[in-house]
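*Asks:* Structure: upload-v5.txt, compact mmCIF, C-alpha atoms.
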# COMPACT_ATOMS: atom_id res chain seq x y z
CA MET R 1 0.00 0.00 0.00
CA TYR R 2 1.49 3.33 -1.06
CA THR R 3 1.62 6.34 1.23
CA ALA R 4 -0.24 9.54 0.33
CA ARG R 5 3.07 11.08 -0.73
CA GLU R 6 3.86 8.12 -3.01
CA GLN R 7 0.38 8.22 -4.54
CA ALA R 8 0.80 11.95 -5.21
CA PHE R 9 4.14 11.18 -6.90
CA ALA R 10 2.45 8.60 -9.14
CA GLU R 11 -0.12 11.19 -10.20
CA GLU R 12 2.66 13.69 -10.93
CA VAL R 13 4.34 11.15 -13.20
CA ARG R 14 1.01 10.28 -14.85
CA ALA R 15 0.29 13.94 -15.61
CA PHE R 16 3.78 14.40 -17.05
CA VAL R 17 3.39 11.43 -19.42
CA ARG R 18 0.02 12.65 -20.65
CA SER R 19 1.34 16.16 -21.31
CA GLU R 20 4.76 15.32 -22.78
CA CYS R 21 4.26 12.01 -24.61
CA SER R 22 1.93 12.34 -27.59
CA GLU R 23 -1.31 10.40 -27.64
CA ASP R 24 -0.34 8.89 -31.01
CA VAL R 25 2.88 7.45 -29.56
CA ARG R 26 1.10 6.08 -26.50
CA ARG R 27 -1.54 4.50 -28.73
CA LYS R 28 1.24 2.79 -30.70
CA VAL R 29 2.64 1.31 -27.49
CA PHE R 30 -0.77 0.03 -26.38
CA GLU R 31 -1.46 -1.44 -29.81
CA ALA R 32 2.00 -3.07 -30.13
CA VAL R 33 2.97 -0.89 -33.09
CA ALA R 34 6.67 -0.04 -33.47
CA VAL R 35 7.62 3.42 -32.21
CA THR R 36 10.03 5.25 -34.53
CA ALA R 37 13.53 6.28 -33.48
CA GLN R 38 12.49 9.94 -33.78
CA GLU R 39 9.48 9.44 -31.51
CA ARG R 40 11.55 7.59 -28.94
CA LEU R 41 14.24 10.29 -29.00
CA ALA R 42 11.64 13.04 -28.51
CA TRP R 43 10.36 11.24 -25.41
CA HIS R 44 13.93 10.70 -24.20
CA LYS R 45 14.63 14.43 -24.48
CA ALA R 46 11.43 15.27 -22.59
CA LEU R 47 12.47 12.97 -19.75
CA HIS R 48 15.99 14.38 -19.76
CA ALA R 49 14.68 17.95 -19.57
CA ARG R 50 12.71 16.95 -16.47
CA GLY R 51 15.71 15.12 -14.97
CA TRP R 52 13.98 11.75 -15.22
CA ALA R 53 15.89 9.98 -18.00
CA ALA R 54 17.87 7.69 -15.67
CA PRO R 55 16.19 7.34 -12.27
CA HIS R 56 18.32 4.28 -11.52
CA TRP R 57 21.60 6.25 -11.88
CA PRO R 58 23.34 7.76 -8.85
CA ALA R 59 22.48 11.41 -8.34
CA GLU R 60 26.09 12.51 -8.94
CA HIS R 61 25.86 11.19 -12.50
CA GLY R 62 22.47 12.70 -13.28
CA GLY R 63 20.13 10.26 -11.56
CA THR R 64 17.17 11.29 -9.47
CA GLY R 65 18.17 10.06 -6.03
CA TRP R 66 14.77 8.39 -5.70
CA SER R 67 14.13 5.52 -3.33
CA PRO R 68 13.59 2.04 -4.83
CA VAL R 69 9.86 2.45 -4.23
CA GLU R 70 9.76 5.78 -6.10
CA THR R 71 11.80 4.31 -8.95
CA TYR R 72 9.40 1.40 -9.13
CA ILE R 73 6.33 3.68 -9.06
CA PHE R 74 7.86 5.74 -11.86
CA SER R 75 8.52 2.66 -14.01
CA GLU R 76 5.08 1.21 -13.41
CA THR R 77 3.27 4.48 -14.11
CA LEU R 78 5.13 4.90 -17.39
CA ALA R 79 4.11 1.38 -18.39
CA GLU R 80 0.48 1.94 -17.39
CA GLU R 81 0.32 5.15 -19.43
CA GLY R 82 1.92 3.64 -22.55
CA ALA R 83 5.16 5.61 -22.54
CA PRO R 84 7.70 4.04 -24.93
CA ASP R 85 10.75 2.25 -23.60
CA LEU R 86 13.93 4.27 -24.11
CA GLY R 87 15.97 1.15 -24.70
CA SER R 88 18.46 -0.40 -22.33
CA PHE R 89 21.83 -0.40 -24.09
CA GLY R 90 23.07 3.02 -23.05
CA LEU R 91 21.05 3.91 -19.98
CA LYS R 92 20.80 0.52 -18.30
CA MET R 93 23.77 -1.46 -19.57
CA LEU R 94 26.74 0.67 -20.61
CA GLY R 95 26.14 3.63 -18.29
CA PRO R 96 26.42 1.66 -15.01
CA THR R 97 29.42 -0.23 -16.42
CA LEU R 98 31.29 2.99 -17.20
CA MET R 99 30.46 4.33 -13.73
CA GLN R 100 32.19 1.29 -12.28
CA TYR R 101 35.08 0.68 -14.70
CA GLY R 102 35.39 3.70 -17.02
CA THR R 103 38.15 6.29 -16.84
CA PRO R 104 37.33 9.76 -15.49
CA GLU R 105 37.53 11.06 -19.07
CA GLN R 106 35.12 8.39 -20.34
CA LYS R 107 32.64 9.17 -17.59
CA ALA R 108 32.85 12.91 -18.18
CA TYR R 109 32.34 12.55 -21.93
CA TYR R 110 29.99 9.62 -22.44
CA LEU R 111 27.66 9.64 -19.44
CA PRO R 112 26.10 13.06 -20.22
CA ARG R 113 25.67 12.03 -23.86
CA ILE R 114 23.93 8.78 -22.84
CA LEU R 115 21.73 10.71 -20.43
CA SER R 116 20.66 13.27 -23.04
CA GLY R 117 20.16 10.79 -25.88
CA GLU R 118 22.89 12.44 -27.95
CA ASP R 119 24.59 9.05 -28.30
CA ILE R 120 22.48 6.00 -29.15
CA TRP R 121 24.26 2.75 -28.30
CA CYS R 122 24.06 -0.84 -29.46
CA GLN R 123 25.74 -3.94 -28.06
CA GLY R 124 28.40 -5.80 -30.06
CA PHE R 125 28.67 -9.14 -28.28
CA SER R 126 27.21 -12.05 -30.30
CA GLU R 127 28.97 -13.42 -33.36
CA PRO R 128 28.42 -16.33 -35.74
CA GLY R 129 29.30 -19.29 -33.52
CA ALA R 130 29.52 -17.14 -30.39
CA GLY R 131 26.07 -16.51 -28.98
CA SER R 132 25.39 -18.05 -25.60
CA ASP R 133 28.98 -19.37 -25.78
CA LEU R 134 30.23 -15.80 -25.87
CA ALA R 135 33.78 -16.63 -24.76
CA SER R 136 34.42 -18.19 -28.18
CA LEU R 137 34.16 -14.83 -29.98
CA LYS R 138 36.73 -14.23 -32.75
CA THR R 139 36.57 -10.51 -33.60
CA ARG R 140 40.18 -9.31 -33.16
CA ALA R 141 41.65 -6.02 -31.97
CA VAL R 142 45.37 -5.36 -32.30
CA LEU R 143 47.05 -2.34 -30.74
CA ASP R 144 48.79 -0.21 -33.38
CA GLY R 145 50.30 2.89 -31.82
CA ASP R 146 47.48 4.91 -30.28
CA HIS R 147 44.68 2.92 -31.95
CA TRP R 148 43.17 -0.53 -31.75
CA VAL R 149 42.63 -2.06 -35.22
CA VAL R 150 39.47 -4.17 -35.24
CA ASN R 151 38.60 -6.93 -37.71
CA GLY R 152 35.71 -9.37 -37.53
CA GLN R 153 31.93 -9.63 -37.44
CA LYS R 154 29.10 -9.17 -34.95
CA MET R 155 25.72 -10.82 -35.39
CA TRP R 156 22.13 -10.14 -34.26
CA THR R 157 23.13 -6.59 -33.29
CA THR R 158 19.87 -5.04 -32.16
CA MET R 159 19.15 -1.54 -33.49
CA ALA R 160 22.67 -1.02 -34.87
CA HIS R 161 21.10 0.78 -37.85
CA GLU R 162 19.63 3.40 -35.51
CA SER R 163 22.74 3.74 -33.33
CA ASN R 164 25.86 5.85 -33.66
CA MET R 165 27.95 4.02 -31.04
CA MET R 166 28.66 0.41 -30.05
CA PHE R 167 30.24 -1.15 -26.97
CA ALA R 168 31.88 -4.32 -28.22
CA LEU R 169 33.79 -7.30 -26.92
CA VAL R 170 36.91 -8.08 -28.95
CA ARG R 171 39.74 -10.57 -28.61
CA THR R 172 42.97 -8.81 -27.73
CA ASP R 173 45.03 -11.78 -26.51
CA PRO R 174 44.53 -14.88 -28.66
CA ASP R 175 47.17 -16.76 -26.66
CA ALA R 176 45.48 -16.37 -23.26
CA PRO R 177 45.31 -19.68 -21.32
CA LYS R 178 41.52 -19.36 -21.11
CA PRO R 179 39.37 -17.72 -23.81
CA GLN R 180 37.66 -15.49 -21.22
CA MET R 181 41.04 -14.02 -20.25
CA GLY R 182 41.88 -12.58 -23.67
CA ILE R 183 38.83 -10.36 -24.24
CA SER R 184 38.59 -6.55 -24.00
CA MET R 185 35.75 -4.05 -24.26
CA LEU R 186 35.93 -1.18 -26.76
CA LEU R 187 33.69 1.83 -27.43
CA ILE R 188 33.34 2.10 -31.21
CA ASP R 189 32.01 5.02 -33.25
CA LEU R 190 29.90 3.35 -35.95
CA LYS R 191 30.71 6.14 -38.43
CA THR R 192 34.37 5.06 -38.43
CA PRO R 193 35.64 3.94 -41.88
CA GLY R 194 35.53 0.16 -42.24
CA VAL R 195 32.28 -0.39 -40.32
CA ASP R 196 29.59 -2.03 -42.48
CA ILE R 197 26.08 -2.51 -41.03
CA ARG R 198 23.86 -4.94 -42.96
CA PRO R 199 20.21 -5.64 -42.15
CA ILE R 200 18.79 -8.96 -41.00
CA ILE R 201 15.14 -9.02 -42.08
CA LEU R 202 13.12 -11.19 -39.72
CA LEU R 203 10.30 -13.55 -40.69
CA ASN R 204 7.77 -10.87 -39.77
CA GLY R 205 9.35 -8.55 -42.35
CA GLU R 206 10.78 -6.16 -39.76
CA ARG R 207 14.34 -5.02 -39.22
CA THR R 208 15.50 -4.83 -35.63
CA THR R 209 18.75 -6.80 -35.86
CA ASN R 210 21.84 -6.52 -38.04
CA GLU R 211 25.18 -7.97 -39.04
CA VAL R 212 28.07 -5.60 -38.38
CA PHE R 213 31.42 -6.10 -40.14
CA PHE R 214 34.73 -4.52 -39.14
CA ASP R 215 37.45 -4.14 -41.77
CA ASN R 216 40.60 -2.57 -40.27
CA VAL R 217 38.50 -0.23 -38.12
CA ARG R 218 40.75 2.10 -36.11
CA VAL R 219 39.48 2.78 -32.59
CA PRO R 220 41.30 5.29 -30.36
CA ALA R 221 43.22 3.57 -27.56
CA GLU R 222 41.42 5.70 -24.96
CA ASN R 223 38.16 3.97 -25.97
CA LEU R 224 39.25 0.83 -24.13
CA VAL R 225 37.03 0.25 -21.09
CA GLY R 226 39.05 -0.59 -18.00
CA GLU R 227 42.14 -2.77 -18.45
CA PRO R 228 43.15 -4.79 -21.51
CA HIS R 229 41.99 -8.42 -21.50
CA LYS R 230 39.53 -7.81 -18.63
CA GLY R 231 36.46 -7.35 -20.84
CA TRP R 232 34.91 -10.62 -19.71
CA THR R 233 34.65 -9.25 -16.17
CA TYR R 234 33.01 -6.08 -17.43
CA SER R 235 30.67 -8.00 -19.72
CA ARG R 236 29.22 -9.81 -16.71
CA VAL R 237 28.13 -6.46 -15.28
CA VAL R 238 26.66 -5.44 -18.66
CA LEU R 239 24.80 -8.73 -19.04
CA GLY R 240 23.60 -8.61 -15.45
CA ASN R 241 22.04 -5.22 -16.12
CA GLU R 242 20.60 -6.49 -19.42
CA ARG R 243 18.96 -9.38 -17.62
CA LEU R 244 17.40 -6.97 -15.16
CA SER R 245 15.79 -5.10 -18.07
CA ILE R 246 14.59 -8.26 -19.84
CA ALA R 247 12.17 -8.95 -16.97
CA ARG R 248 9.97 -6.06 -18.26
CA ILE R 249 7.73 -5.93 -15.23
CA GLY R 250 5.82 -2.89 -16.49
CA LEU R 251 5.02 -4.61 -19.80
CA ASN R 252 3.95 -7.74 -17.95
CA ARG R 253 1.63 -5.67 -15.75
CA ARG R 254 0.02 -4.18 -18.85
CA GLN R 255 -0.33 -7.60 -20.45
CA LEU R 256 -1.86 -9.06 -17.30
CA ALA R 257 -4.46 -6.27 -17.13
CA ARG R 258 -5.32 -6.85 -20.78
CA LEU R 259 -5.58 -10.59 -20.19
CA LYS R 260 -8.07 -10.08 -17.35
CA ARG R 261 -10.15 -7.74 -19.48
CA ILE R 262 -10.24 -10.04 -22.51
CA ALA R 263 -10.94 -13.10 -20.35
CA ALA R 264 -13.94 -11.29 -18.88
CA GLN R 265 -15.17 -10.30 -22.35
CA GLN R 266 -14.90 -13.92 -23.51
CA GLY R 267 -16.69 -15.32 -20.45
CA LEU R 268 -13.60 -17.15 -19.24
CA THR R 269 -13.84 -15.77 -15.72
CA THR R 270 -16.46 -18.46 -15.04
CA SER R 271 -13.83 -21.13 -15.70
CA PRO R 272 -12.05 -22.13 -12.44
CA LEU R 273 -9.14 -23.53 -14.45
CA PHE R 274 -8.57 -20.34 -16.48
CA ARG R 275 -8.98 -18.16 -13.37
CA ALA R 276 -6.35 -20.29 -11.64
CA ARG R 277 -3.93 -19.83 -14.54
CA ILE R 278 -4.40 -16.05 -14.42
CA ALA R 279 -3.91 -16.09 -10.64
CA GLU R 280 -0.72 -18.13 -11.01
CA ALA R 281 0.70 -15.62 -13.51
CA SER R 282 -0.28 -12.75 -11.23
CA ILE R 283 1.46 -14.32 -8.23
CA GLU R 284 4.61 -14.96 -10.25
CA LEU R 285 4.61 -11.35 -11.40
CA ASP R 286 4.36 -10.15 -7.79
CA ALA R 287 7.33 -12.34 -6.87
CA LEU R 288 9.29 -11.09 -9.87
CA GLU R 289 8.55 -7.52 -8.88
CA ALA R 290 9.77 -8.11 -5.31
CA MET R 291 13.03 -9.60 -6.56
CA ALA R 292 13.59 -6.75 -9.03
CA THR R 293 12.97 -4.12 -6.36
CA ALA R 294 15.45 -5.78 -4.00
CA MET R 295 18.07 -5.95 -6.76
CA LEU R 296 17.48 -2.31 -7.61
CA ASP R 297 18.16 -1.40 -3.98
CA ARG R 298 21.43 -3.35 -4.00
CA ALA R 299 22.47 -1.88 -7.35
CA ARG R 300 21.98 1.63 -5.98
CA ALA R 301 24.35 0.69 -3.14
CA GLY R 302 27.00 -0.29 -5.70
CA VAL R 303 26.51 -4.07 -5.56
CA ALA R 304 27.02 -5.68 -8.97
CA PRO R 305 24.23 -8.00 -10.21
CA GLY R 306 24.81 -11.59 -9.13
CA ILE R 307 22.98 -14.79 -10.02
CA GLU R 308 19.76 -13.07 -8.99
CA ALA R 309 19.94 -11.29 -12.36
CA ASN R 310 20.07 -14.69 -14.09
CA MET R 311 17.03 -15.79 -12.09
CA LEU R 312 15.19 -12.59 -12.93
CA LYS R 313 15.94 -13.03 -16.61
CA ILE R 314 14.60 -16.59 -16.62
CA LYS R 315 11.40 -15.83 -14.76
CA GLY R 316 10.72 -12.53 -16.51
CA SER R 317 11.19 -13.92 -20.02
CA GLU R 318 9.12 -17.04 -19.32
CA LEU R 319 6.36 -14.94 -17.79
CA GLN R 320 6.22 -12.79 -20.93
CA GLN R 321 5.79 -15.95 -22.97
CA ARG R 322 3.15 -17.31 -20.64
CA LEU R 323 1.09 -14.11 -20.73
CA THR R 324 1.07 -13.85 -24.52
CA ARG R 325 0.10 -17.53 -24.75
CA LEU R 326 -2.77 -16.97 -22.33
CA LEU R 327 -3.83 -13.92 -24.33
CA VAL R 328 -3.99 -16.00 -27.50
CA GLU R 329 -6.08 -18.62 -25.70
CA ALA R 330 -8.37 -15.99 -24.19
CA ALA R 331 -8.89 -14.11 -27.42
CA GLY R 332 -9.58 -17.27 -29.40
CA ARG R 333 -11.34 -16.72 -32.70
CA SER R 334 -12.05 -13.08 -31.87
CA ALA R 335 -8.38 -12.32 -32.49
CA ALA R 336 -9.09 -12.53 -36.23
CA PRO R 337 -8.70 -9.08 -37.88
CA PHE R 338 -12.23 -9.21 -39.31
CA GLY R 339 -15.67 -10.24 -38.10
CA PRO R 340 -17.75 -9.48 -34.98
CA GLY R 341 -16.25 -7.14 -32.43
CA ALA R 342 -14.24 -5.08 -34.93
CA ALA R 343 -15.09 -1.90 -32.98
CA ASP R 344 -13.74 -3.33 -29.71
CA PRO R 345 -11.05 -1.04 -28.22
CA ASP R 346 -8.67 -3.99 -28.09
CA ARG R 347 -9.25 -4.75 -31.79
CA PRO R 348 -6.11 -3.02 -33.23
CA TRP R 349 -3.94 -4.86 -30.73
CA LEU R 350 -5.73 -8.16 -31.29
CA ALA R 351 -4.97 -7.94 -34.99
CA ARG R 352 -1.28 -8.15 -34.02
CA LEU R 353 -1.74 -10.58 -31.16
CA PHE R 354 -0.14 -13.55 -32.86
CA LYS R 355 2.85 -11.45 -33.91
CA SER R 356 3.34 -10.44 -30.27
CA HIS R 357 2.98 -14.08 -29.25
CA PHE R 358 5.70 -15.20 -31.65
CA ASP R 359 7.95 -12.22 -30.85
CA THR R 360 8.10 -13.24 -27.20
CA ARG R 361 9.56 -16.65 -28.14
CA VAL R 362 12.96 -14.99 -28.52
CA VAL R 363 13.12 -13.35 -25.08
CA SER R 364 14.21 -16.63 -23.48
CA ILE R 365 17.15 -16.72 -25.94
CA TYR R 366 18.68 -13.23 -26.07
CA GLY R 367 20.68 -11.98 -23.12
CA GLY R 368 21.95 -15.56 -22.78
CA SER R 369 19.55 -18.44 -23.33
CA ASN R 370 17.60 -19.65 -20.33
CA GLU R 371 19.28 -23.06 -20.57
CA ILE R 372 22.67 -21.36 -20.18
CA GLN R 373 21.31 -19.23 -17.32
CA ARG R 374 20.22 -22.33 -15.44
CA ASN R 375 23.68 -23.85 -15.88
CA ILE R 376 25.28 -20.67 -14.54
CA ILE R 377 22.98 -20.68 -11.50
CA ALA R 378 23.67 -24.36 -10.82
CA LYS R 379 27.43 -23.87 -10.98
CA SER R 380 27.26 -20.78 -8.77
CA LEU R 381 25.36 -22.76 -6.15
CA GLY R 382 27.82 -25.66 -6.32
CA PHE R 383 25.66 -28.12 -8.21
CA GLY R 384 27.37 -30.20 -10.85
CA ALA R 385 30.85 -29.50 -9.48
CA SER R 386 33.34 -32.34 -9.51
CA ARG R 387 33.67 -34.15 -6.20
Give the structure from this file in structure tokens form.
*Replies:*
Amino acid sequence: MYTAREQAFAEEVRAFVRSECSEDVRRKVFEAVAVTAQERLAWHKALHARGWAAPHWPAEHGGTGWSPVETYIFSETLAEEGAPDLGSFGLKMLGPTLMQYGTPEQKAYYLPRILSGEDIWCQGFSEPGAGSDLASLKTRAVLDGDHWVVNGQKMWTTMAHESNMMFALVRTDPDAPKPQMGISMLLIDLKTPGVDIRPIILLNGERTTNEVFFDNVRVPAENLVGEPHKGWTYSRVVLGNERLSIARIGLNRRQLARLKRIAAQQGLTTSPLFRARIAEASIELDALEAMATAMLDRARAGVAPGIEANMLKIKGSELQQRLTRLLVEAAGRSAAPFGPGAADPDRPWLARLFKSHFDTRVVSIYGGSNEIQRNIIAKSLGFGASR
């Protein structure tokens, strides 16, 4: 139960969204229509002007200084009102990593540009043959004077075509005794000569991912994050923060509310079995929310994400899949784009329901497949170790 002050804060956030985020953009979010890069950037700038672009950042770097409860209320209110997601690569993944491992010069230059939306980042981790087995990556970087020369390929690079910067893992010591020990992290300007971004068109006809090729790309030596050959350590922080964002609690709340509404419209609330399945999803979402809030509190205190992030990623991604599956079952034949009920307010979204259902199949794969996450958790807890 929120206090009167917290409820007033939620209303302040709600009023801000309604005044600063256009109704057309919010309708797109509710109807599962892609928001353009320009629309997302406009919303980012509105949040930045208010000082709300990165509530999870420490106040000294431009964060809000909010409590975990306020941060949670903010996130939930944005989701309820249909505000578009700003994306996680810069604000949620790279930013906290630079705060922990970046040089003073990197922090002074890049953090304000991430905060304002001046730099849009993508993540250069996966490669052909190096997805969940990321330590087998082959993209090379060789130090040549005051530049690193990068050659290789990245795969499934989300939104690279809308980004101007990439944080990438590259192999800088091919002779390291363990593959994880020879990897470094570089900050790469995607306008540098030798960078070639090629689209990967998905089965739904959309472009969200890309191949990125590097042909003798020269990256200034000062763009190395932390120490050479320590990129694997830094990547664990990045991936931990990515797994926090994959849970998408706000989206799941919106999906759950829609599920309850559609189930009522279809008469499924009289079915004890279907009601029990909705209740089970609701309980899991409450548990997920509690875990995420606790992790947010620890992150604010400077504690790096541990295996709890892996757990959150598993449960959050599987809950997204469960909710879209339940929505398909609840909607049934009425999800067809024509026929009775075409004037229903959920109709535009229902016409894309099956696309949303299939899109969520991938969330248990990216950020490290759930099978790999379970192996990591088991090893961390001592299961499967040699005796």
*Asks:* Could you check the closest approach to His147 (chain R) for each of R:Leu224, R:Ala46, R:Ala292, R:Ile197 and tell me which residue wins, using only C-alpha atoms?
*Replies:*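 Closest to His147 (chain R), using only C-alpha atoms: R:Leu224.
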*Asks:* What is the CA of Met99 (chain R)-CA of Glu60 (chain R) distance in Å, reported with one decimal?
*Replies:*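 About the pair CA of Met99 (chain R) and CA of Glu60 (chain R): they are 10.4 Å apart.
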*Asks:* In Å, rounded to a single decimal, give me how far CA of Pro84 (chain R) is from CA of Thr293 (chain R).
*Replies:*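 Computing the Euclidean distance for CA of Thr293 (chain R) and CA of Pro84 (chain R) yields 21.0 Å.
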*Asks:* Please, what distance in Å, to one decimal, runs between CA of Gln100 (chain R) and CA of Gly316 (chain R)?
*Replies:*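 Result for CA of Gln100 (chain R) versus CA of Gly316 (chain R): 25.9 Å, one decimal.
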*Asks:* Considering all atoms listed in the file, can you say which of R:Gly129, R:Pro112, R:Gly87, R:Pro68 comes closest to Trp43 (chain R)?
*Replies:* R:Gly87
*Asks:* Using all atoms listed in the file, which of the listed residues (R:Arg207, R:Arg277, R:His56, R:Lys191) sits closest to Ala34 (chain R)?
*Replies:*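 For Ala34 (chain R), the nearest of the given residues is R:Arg207.
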*Asks:* Return the single residue from R:Ala294, R:Val35, R:Ala168, R:Leu288 that is closest to Thr71 (chain R), with distances computed using only C-alpha atoms.
*Replies:*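 Comparing R:Ala294, R:Val35, R:Ala168, R:Leu288 against Thr71 (chain R), the winner is R:Ala294.
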*Asks:* Report as a PyMOL selection string all protein, DNA and RNA residues lying within 12 Å of Tyr72 (chain R), evaluated on only C-alpha atoms, omitting residues in the same chain fewer than 3 positions from it.
*Replies:* chain R and resi 2+6+9-10+13+55-56+66-69+75-79+248-250+289-297
*Asks:* Residues at most 10 Å from Gly368 (chain R), counting all atoms listed in the file, excluding those fewer than 4 positions away in the same chain, as a PyMOL selection string?
*Replies:* chain R and resi 126+131-134+239+242-243+310+313-314+363-364+372-373
*Asks:* Any chance you can output those residues with C-alpha atoms as an mmCIF file, keeping the file's coordinate frame?
*Replies:*
data_model
loop_
_atom_site.group_PDB
_atom_site.id
_atom_site.type_symbol
_atom_site.label_atom_id
_atom_site.label_comp_id
_atom_site.auth_asym_id
_atom_site.auth_seq_id
_atom_site.Cartn_x
_atom_site.Cartn_y
_atom_site.Cartn_z
ATOM 1 C CA SER R 126 27.210 -12.050 -30.300
ATOM 2 C CA GLY R 131 26.070 -16.510 -28.980
ATOM 3 C CA SER R 132 25.390 -18.050 -25.600
ATOM 4 C CA ASP R 133 28.980 -19.370 -25.780
ATOM 5 C CA LEU R 134 30.230 -15.800 -25.870
ATOM 6 C CA LEU R 239 24.800 -8.730 -19.040
ATOM 7 C CA GLU R 242 20.600 -6.490 -19.420
ATOM 8 C CA ARG R 243 18.960 -9.380 -17.620
ATOM 9 C CA ASN R 310 20.070 -14.690 -14.090
ATOM 10 C CA LYS R 313 15.940 -13.030 -16.610
ATOM 11 C CA ILE R 314 14.600 -16.590 -16.620
ATOM 12 C CA VAL R 363 13.120 -13.350 -25.080
ATOM 13 C CA SER R 364 14.210 -16.630 -23.480
ATOM 14 C CA ILE R 372 22.670 -21.360 -20.180
ATOM 15 C CA GLN R 373 21.310 -19.230 -17.320
#
*Asks:* At a cut-off of 10 Å, using only C-alpha atoms, what residues contact region 50-52 of chain R? Leave out same-chain residues fewer than 5 positions from it and give the result as a CSV table (one decimal) with C-alpha atoms, in the frame of the given file.
*Replies:*
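The result, stored in out31.csv:
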chain,number,residue,atom,x,y,z
R,13,VAL,CA,4.3,11.2,-13.2
R,16,PHE,CA,3.8,14.4,-17.0
R,44,HIS,CA,13.9,10.7,-24.2
R,45,LYS,CA,14.6,14.4,-24.5
R,57,TRP,CA,21.6,6.2,-11.9
R,62,GLY,CA,22.5,12.7,-13.3
R,63,GLY,CA,20.1,10.3,-11.6
R,64,THR,CA,17.2,11.3,-9.5
R,71,THR,CA,11.8,4.3,-9.0
R,74,PHE,CA,7.9,5.7,-11.9
R,115,LEU,CA,21.7,10.7,-20.4
R,116,SER,CA,20.7,13.3,-23.0
*Asks:* Quick one: of R:Gly306, R:Leu327, R:Asp119, R:Lys28, who's nearest to Leu381 (chain R), counting all atoms listed in the file?
*Replies:* R:Gly306
*Asks:* Select, from R:Ala37, R:Ile283, R:Ala83, R:Ala32, the residue with the minimum atom-to-atom distance to Ser19 (chain R), counting only C-alpha atoms.
*Replies:*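 Looking at the shortest contact to Ser19 (chain R), the residue is R:Ala83.
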*Asks:* Name the residues in contact with region 321-324 of chain R at a cut-off of 8 Å, using all atoms listed in the file, excluding same-chain residues fewer than 4 positions from it; report them as a PyMOL selection string.
*Replies:* chain R and resi 252+255-256+259+281+317+328+353+356-357+360-361
*Asks:* Just want the 12 Å neighbourhood of Glu280 (chain R), counted on all atoms listed in the file, with same-chain residues fewer than 5 positions away dropped. Output as number ranges by chain.
*Replies:* R: 256, 273-275, 285-287, 319, 322-323, 326
*Asks:* Using only C-alpha atoms, please write the residues we just selected to a file, as an mmCIF file, in the frame of the given file.
*Replies:*
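Just written: result-v4.cif:
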data_model
loop_
_atom_site.group_PDB
_atom_site.id
_atom_site.type_symbol
_atom_site.label_atom_id
_atom_site.label_comp_id
_atom_site.auth_asym_id
_atom_site.auth_seq_id
_atom_site.Cartn_x
_atom_site.Cartn_y
_atom_site.Cartn_z
ATOM 1 C CA LEU R 256 -1.860 -9.060 -17.300
ATOM 2 C CA LEU R 273 -9.140 -23.530 -14.450
ATOM 3 C CA PHE R 274 -8.570 -20.340 -16.480
ATOM 4 C CA ARG R 275 -8.980 -18.160 -13.370
ATOM 5 C CA LEU R 285 4.610 -11.350 -11.400
ATOM 6 C CA ASP R 286 4.360 -10.150 -7.790
ATOM 7 C CA ALA R 287 7.330 -12.340 -6.870
ATOM 8 C CA LEU R 319 6.360 -14.940 -17.790
ATOM 9 C CA ARG R 322 3.150 -17.310 -20.640
ATOM 10 C CA LEU R 323 1.090 -14.110 -20.730
ATOM 11 C CA LEU R 326 -2.770 -16.970 -22.330
#
*Asks:* I'd like the box whose edges run along x, y and z of the file and which contains every listed atom of region 194-203 of chain R, padded by 3 Å per side; could you state its centre and edge lengths in Å, one decimal, as lines of an AutoDock Vina configuration file?
*Replies:*
center_x = 22.9
center_y = -6.7
center_z = -41.3
size_x = 31.2
size_y = 19.7
size_z = 9.2
